[in-house]
Structure formats: structure tokens, C-alpha cells
Amino acid sequence: PYALVNRAASIGHDCRIGAFSTVAPGATLASGVDVGEKAFVAAGATIVPGIRLGEGAYVGAGAAVTRDVPAWTLVAGVPAVVKKELVPQ
């Protein structure tokens with residue numbers, strides 16, 4: 001298994017990034033963030049400390065995530081809100 005972390009992404013200490021996940025350029029994961037398998041964090045998104053992104057979660061570009069994101073859910077905005085439930089793959 002692998003995870004893709006693009007250049008210019010910032011990852012804080014004690015983060016966990018699940019298999020097959022992607023962190024796009026300019027994304028920031030504060031300390032203690034838990035990224036589930038197959039999750040995607042788009043460019044410029046910010047995840048505050050201690051947040052959990054469920055399996056297959058998708059964080060839109062520029063979003064500010066201040067609450068846990070359920071599995072297979074798309075969030076976007078500042079602060080991030082649920083925009084759509086996704087189909088598990």
C-alpha cells in the first residue's frame with residue numbers, strides 16, 4: 001500500500017495517513033490528524049489538530065476542516081460542511 005503526499009504539503013507530528021490516500025500540494029494537516037484509507041485532501045485545504053477523516057472522505061480545495069469527516073463524505077468551505085455523500089469504492 002502507498003499514500004501520495006505532494007510537494008508543498010505540510011504534515012504535523014503524530015499524523016496518520018492511510019493507504020491509498022492523497023494529500024495535494026499546499027494542504028496542511030495539523031498535529032494528530034488521522035486520514036483514513038482512500039481519503040483525498042485537495043490543494044490548500046487545512047485540517048485542524050485531532051481531526052479524523054473517515055475512509056474515502058474528500059476534502060475540497062481551500063476547505064478548513066474543524067470537525068471529523070465521516071467515511072465517504074465530501075466536505076468543502078470555510079468552515080467545511082458536508083456537501084455530498086459519496087458511493088464507497
# chains A, B, ... in the order shown; residues from 1 in each chain; ligands from 1

call {"tool": "residues_around", "arguments": {"residues": "segment 18-29 of chain A", "least_positions_apart": "3", "cutoff": "7 Å", "atoms": "only C-alpha atoms", "output": "ChimeraX atom specification"}}
result
/A:1-12,33,35-48

call {"tool": "residues_around", "arguments": {"residues": "His13 of chain A", "least_positions_apart": "3", "cutoff": "8 Å", "atoms": "only C-alpha atoms", "output": "list of chain:residue names"}}
result
A:Ala30, A:Ser31, A:Gly32

call {"tool": "write_last_selection", "arguments": {"atoms": "N, CA and C atoms", "output": "mmCIF file, in the first residue's frame"}}
result
data_model
loop_
_atom_site.group_PDB
_atom_site.id
_atom_site.type_symbol
_atom_site.label_atom_id
_atom_site.label_comp_id
_atom_site.auth_asym_id
_atom_site.auth_seq_id
_atom_site.Cartn_x
_atom_site.Cartn_y
_atom_site.Cartn_z
ATOM 1 N N ALA A 30 -2.588 19.559 10.533
ATOM 2 C CA ALA A 30 -2.020 19.899 11.835
ATOM 3 C C ALA A 30 -1.710 18.614 12.596
ATOM 4 N N SER A 31 -1.131 18.742 13.770
ATOM 5 C CA SER A 31 -0.720 17.568 14.537
ATOM 6 C C SER A 31 -1.907 16.680 14.925
ATOM 7 N N GLY A 32 -1.655 15.378 14.939
ATOM 8 C CA GLY A 32 -2.655 14.428 15.401
ATOM 9 C C GLY A 32 -3.798 14.159 14.457
#

call {"tool": "residues_around", "arguments": {"residues": "Gly54 of chain A", "least_positions_apart": "2", "cutoff": "6 Å", "atoms": "only C-alpha atoms", "output": "PDB file with all heavy atoms, in the first residue's frame"}}
result
ATOM      1  N   GLY A  36      -8.057   8.581   6.944  1.00  0.00           N
ATOM      2  CA  GLY A  36      -8.441   7.207   6.638  1.00  0.00           C
ATOM      3  C   GLY A  36      -7.993   6.767   5.260  1.00  0.00           C
ATOM      4  O   GLY A  36      -7.583   7.574   4.427  1.00  0.00           O
ATOM      5  N   ALA A  57     -13.093   9.756   2.549  1.00  0.00           N
ATOM      6  CA  ALA A  57     -13.523  11.149   2.712  1.00  0.00           C
ATOM      7  C   ALA A  57     -12.809  12.016   1.683  1.00  0.00           C
ATOM      8  O   ALA A  57     -11.675  11.751   1.297  1.00  0.00           O
ATOM      9  CB  ALA A  57     -13.211  11.646   4.117  1.00  0.00           C
ATOM     10  N   VAL A  69     -14.745  14.160   9.717  1.00  0.00           N
ATOM     11  CA  VAL A  69     -15.459  13.938   8.458  1.00  0.00           C
ATOM     12  C   VAL A  69     -15.796  12.457   8.362  1.00  0.00           C
ATOM     13  O   VAL A  69     -14.898  11.611   8.401  1.00  0.00           O
ATOM     14  CB  VAL A  69     -14.600  14.370   7.256  1.00  0.00           C
ATOM     15  CG1 VAL A  69     -15.334  14.100   5.947  1.00  0.00           C
ATOM     16  CG2 VAL A  69     -14.219  15.847   7.363  1.00  0.00           C
ATOM     17  N   PRO A  70     -17.085  12.118   8.248  1.00  0.00           N
ATOM     18  CA  PRO A  70     -17.478  10.707   8.154  1.00  0.00           C
ATOM     19  C   PRO A  70     -16.925  10.046   6.884  1.00  0.00           C
ATOM     20  O   PRO A  70     -16.583  10.723   5.909  1.00  0.00           O
ATOM     21  CB  PRO A  70     -19.004  10.760   8.086  1.00  0.00           C
ATOM     22  CG  PRO A  70     -19.388  12.105   8.581  1.00  0.00           C
ATOM     23  CD  PRO A  70     -18.243  13.012   8.241  1.00  0.00           C
ATOM     24  N   ALA A  71     -16.883   8.734   6.892  1.00  0.00           N
ATOM     25  CA  ALA A  71     -16.442   7.979   5.722  1.00  0.00           C
ATOM     26  C   ALA A  71     -17.308   8.311   4.519  1.00  0.00           C
ATOM     27  O   ALA A  71     -18.505   8.567   4.645  1.00  0.00           O
ATOM     28  CB  ALA A  71     -16.496   6.481   6.022  1.00  0.00           C
TER      29      ALA A  71
END

call {"tool": "atom_distance", "arguments": {"atom1": "atom CA of Arg16 of chain A", "atom2": "atom CA of Gly62 of chain A"}}
result
20.8 Å

call {"tool": "residues_around", "arguments": {"residues": "Arg67 of chain A", "least_positions_apart": "4", "cutoff": "10 Å", "atoms": "only C-alpha atoms", "output": "list in words"}}
result
Ile47, Val48, Pro49, Gly50, Ile51, Arg52, Leu53, Pro79, Ala80 and Val81 of chain A

call {"tool": "write_last_selection", "arguments": {"atoms": "all heavy atoms", "output": "PDB file, in the first residue's frame"}}
result
ATOM      1  N   ILE A  47      -6.524  21.140   7.805  1.00  0.00           N
ATOM      2  CA  ILE A  47      -7.180  20.249   8.759  1.00  0.00           C
ATOM      3  C   ILE A  47      -6.618  20.591  10.140  1.00  0.00           C
ATOM      4  O   ILE A  47      -5.413  20.493  10.353  1.00  0.00           O
ATOM      5  CB  ILE A  47      -6.898  18.763   8.445  1.00  0.00           C
ATOM      6  CG1 ILE A  47      -6.992  18.453   6.948  1.00  0.00           C
ATOM      7  CG2 ILE A  47      -7.797  17.872   9.282  1.00  0.00           C
ATOM      8  CD1 ILE A  47      -8.329  18.651   6.329  1.00  0.00           C
ATOM      9  N   VAL A  48      -7.467  21.019  11.069  1.00  0.00           N
ATOM     10  CA  VAL A  48      -7.009  21.434  12.401  1.00  0.00           C
ATOM     11  C   VAL A  48      -6.646  20.211  13.248  1.00  0.00           C
ATOM     12  O   VAL A  48      -6.999  19.081  12.903  1.00  0.00           O
ATOM     13  CB  VAL A  48      -8.056  22.333  13.110  1.00  0.00           C
ATOM     14  CG1 VAL A  48      -8.342  23.580  12.283  1.00  0.00           C
ATOM     15  CG2 VAL A  48      -9.325  21.593  13.412  1.00  0.00           C
ATOM     16  N   PRO A  49      -5.931  20.408  14.375  1.00  0.00           N
ATOM     17  CA  PRO A  49      -5.442  19.285  15.173  1.00  0.00           C
ATOM     18  C   PRO A  49      -6.531  18.317  15.640  1.00  0.00           C
ATOM     19  O   PRO A  49      -7.634  18.726  15.996  1.00  0.00           O
ATOM     20  CB  PRO A  49      -4.800  19.961  16.390  1.00  0.00           C
ATOM     21  CG  PRO A  49      -4.423  21.310  15.915  1.00  0.00           C
ATOM     22  CD  PRO A  49      -5.498  21.695  14.927  1.00  0.00           C
ATOM     23  N   GLY A  50      -6.158  17.017  15.623  1.00  0.00           N
ATOM     24  CA  GLY A  50      -7.001  15.981  16.202  1.00  0.00           C
ATOM     25  C   GLY A  50      -8.193  15.532  15.383  1.00  0.00           C
ATOM     26  O   GLY A  50      -9.005  14.742  15.839  1.00  0.00           O
ATOM     27  N   ILE A  51      -8.306  15.991  14.151  1.00  0.00           N
ATOM     28  CA  ILE A  51      -9.458  15.645  13.305  1.00  0.00           C
ATOM     29  C   ILE A  51      -9.261  14.266  12.683  1.00  0.00           C
ATOM     30  O   ILE A  51      -8.158  13.865  12.334  1.00  0.00           O
ATOM     31  CB  ILE A  51      -9.638  16.701  12.189  1.00  0.00           C
ATOM     32  CG1 ILE A  51     -10.010  18.052  12.789  1.00  0.00           C
ATOM     33  CG2 ILE A  51     -10.648  16.258  11.138  1.00  0.00           C
ATOM     34  CD1 ILE A  51     -11.330  18.066  13.530  1.00  0.00           C
ATOM     35  N   ARG A  52     -10.362  13.548  12.503  1.00  0.00           N
ATOM     36  CA  ARG A  52     -10.361  12.235  11.845  1.00  0.00           C
ATOM     37  C   ARG A  52     -11.120  12.352  10.538  1.00  0.00           C
ATOM     38  O   ARG A  52     -12.271  12.807  10.510  1.00  0.00           O
ATOM     39  CB  ARG A  52     -11.055  11.213  12.745  1.00  0.00           C
ATOM     40  CG  ARG A  52     -11.450   9.935  12.055  1.00  0.00           C
ATOM     41  CD  ARG A  52     -10.349   8.886  12.135  1.00  0.00           C
ATOM     42  NE  ARG A  52     -10.816   7.587  11.670  1.00  0.00           N
ATOM     43  CZ  ARG A  52     -10.499   7.078  10.482  1.00  0.00           C
ATOM     44  NH1 ARG A  52      -9.762   7.746   9.639  1.00  0.00           N
ATOM     45  NH2 ARG A  52     -10.933   5.886  10.142  1.00  0.00           N
ATOM     46  N   LEU A  53     -10.456  11.967   9.438  1.00  0.00           N
ATOM     47  CA  LEU A  53     -11.098  11.889   8.130  1.00  0.00           C
ATOM     48  C   LEU A  53     -11.370  10.415   7.868  1.00  0.00           C
ATOM     49  O   LEU A  53     -10.440   9.605   7.821  1.00  0.00           O
ATOM     50  CB  LEU A  53     -10.189  12.445   7.032  1.00  0.00           C
ATOM     51  CG  LEU A  53      -9.691  13.879   7.188  1.00  0.00           C
ATOM     52  CD1 LEU A  53      -8.791  14.253   6.024  1.00  0.00           C
ATOM     53  CD2 LEU A  53     -10.852  14.847   7.303  1.00  0.00           C
ATOM     54  N   PRO A  79     -16.068  27.469   7.433  1.00  0.00           N
ATOM     55  CA  PRO A  79     -15.562  26.138   7.768  1.00  0.00           C
ATOM     56  C   PRO A  79     -16.204  25.075   6.874  1.00  0.00           C
ATOM     57  O   PRO A  79     -17.264  25.293   6.299  1.00  0.00           O
ATOM     58  CB  PRO A  79     -15.981  25.963   9.226  1.00  0.00           C
ATOM     59  CG  PRO A  79     -17.230  26.767   9.350  1.00  0.00           C
ATOM     60  CD  PRO A  79     -17.013  27.964   8.438  1.00  0.00           C
ATOM     61  N   ALA A  80     -15.551  23.935   6.798  1.00  0.00           N
ATOM     62  CA  ALA A  80     -16.032  22.853   5.926  1.00  0.00           C
ATOM     63  C   ALA A  80     -17.366  22.308   6.411  1.00  0.00           C
ATOM     64  O   ALA A  80     -17.574  22.126   7.610  1.00  0.00           O
ATOM     65  CB  ALA A  80     -15.004  21.735   5.872  1.00  0.00           C
ATOM     66  N   VAL A  81     -18.261  22.098   5.450  1.00  0.00           N
ATOM     67  CA  VAL A  81     -19.563  21.469   5.739  1.00  0.00           C
ATOM     68  C   VAL A  81     -19.778  20.343   4.738  1.00  0.00           C
ATOM     69  O   VAL A  81     -19.191  20.321   3.657  1.00  0.00           O
ATOM     70  CB  VAL A  81     -20.731  22.488   5.642  1.00  0.00           C
ATOM     71  CG1 VAL A  81     -20.615  23.548   6.724  1.00  0.00           C
ATOM     72  CG2 VAL A  81     -20.791  23.127   4.288  1.00  0.00           C
TER      73      VAL A  81
END

call {"tool": "residues_around", "arguments": {"residues": "Val87 of chain A", "least_positions_apart": "3", "cutoff": "10 Å", "atoms": "only C-alpha atoms", "output": "PyMOL selection string"}}
result
chain A and resi 56+71-73+84

call {"tool": "atom_distance", "arguments": {"atom1": "atom CA of Thr66 of chain A", "atom2": "atom CA of Val82 of chain A"}}
result
11.9 Å

call {"tool": "closest_residue", "arguments": {"among": "A:Asp68, A:Ala76, A:Pro88, A:Glu55", "to": "Ile17 of chain A", "atoms": "only C-alpha atoms"}}
result
A:Glu55

call {"tool": "select_by_dssp", "arguments": {"residues": "chain A", "states": "strand (DSSP E)", "output": "PyMOL selection string"}}
result
chain A and resi 4-5+10-11+16-17+22-23+28-29+34-35+40-41+46-47+52-53+58-59+64-65+73-76+81-85
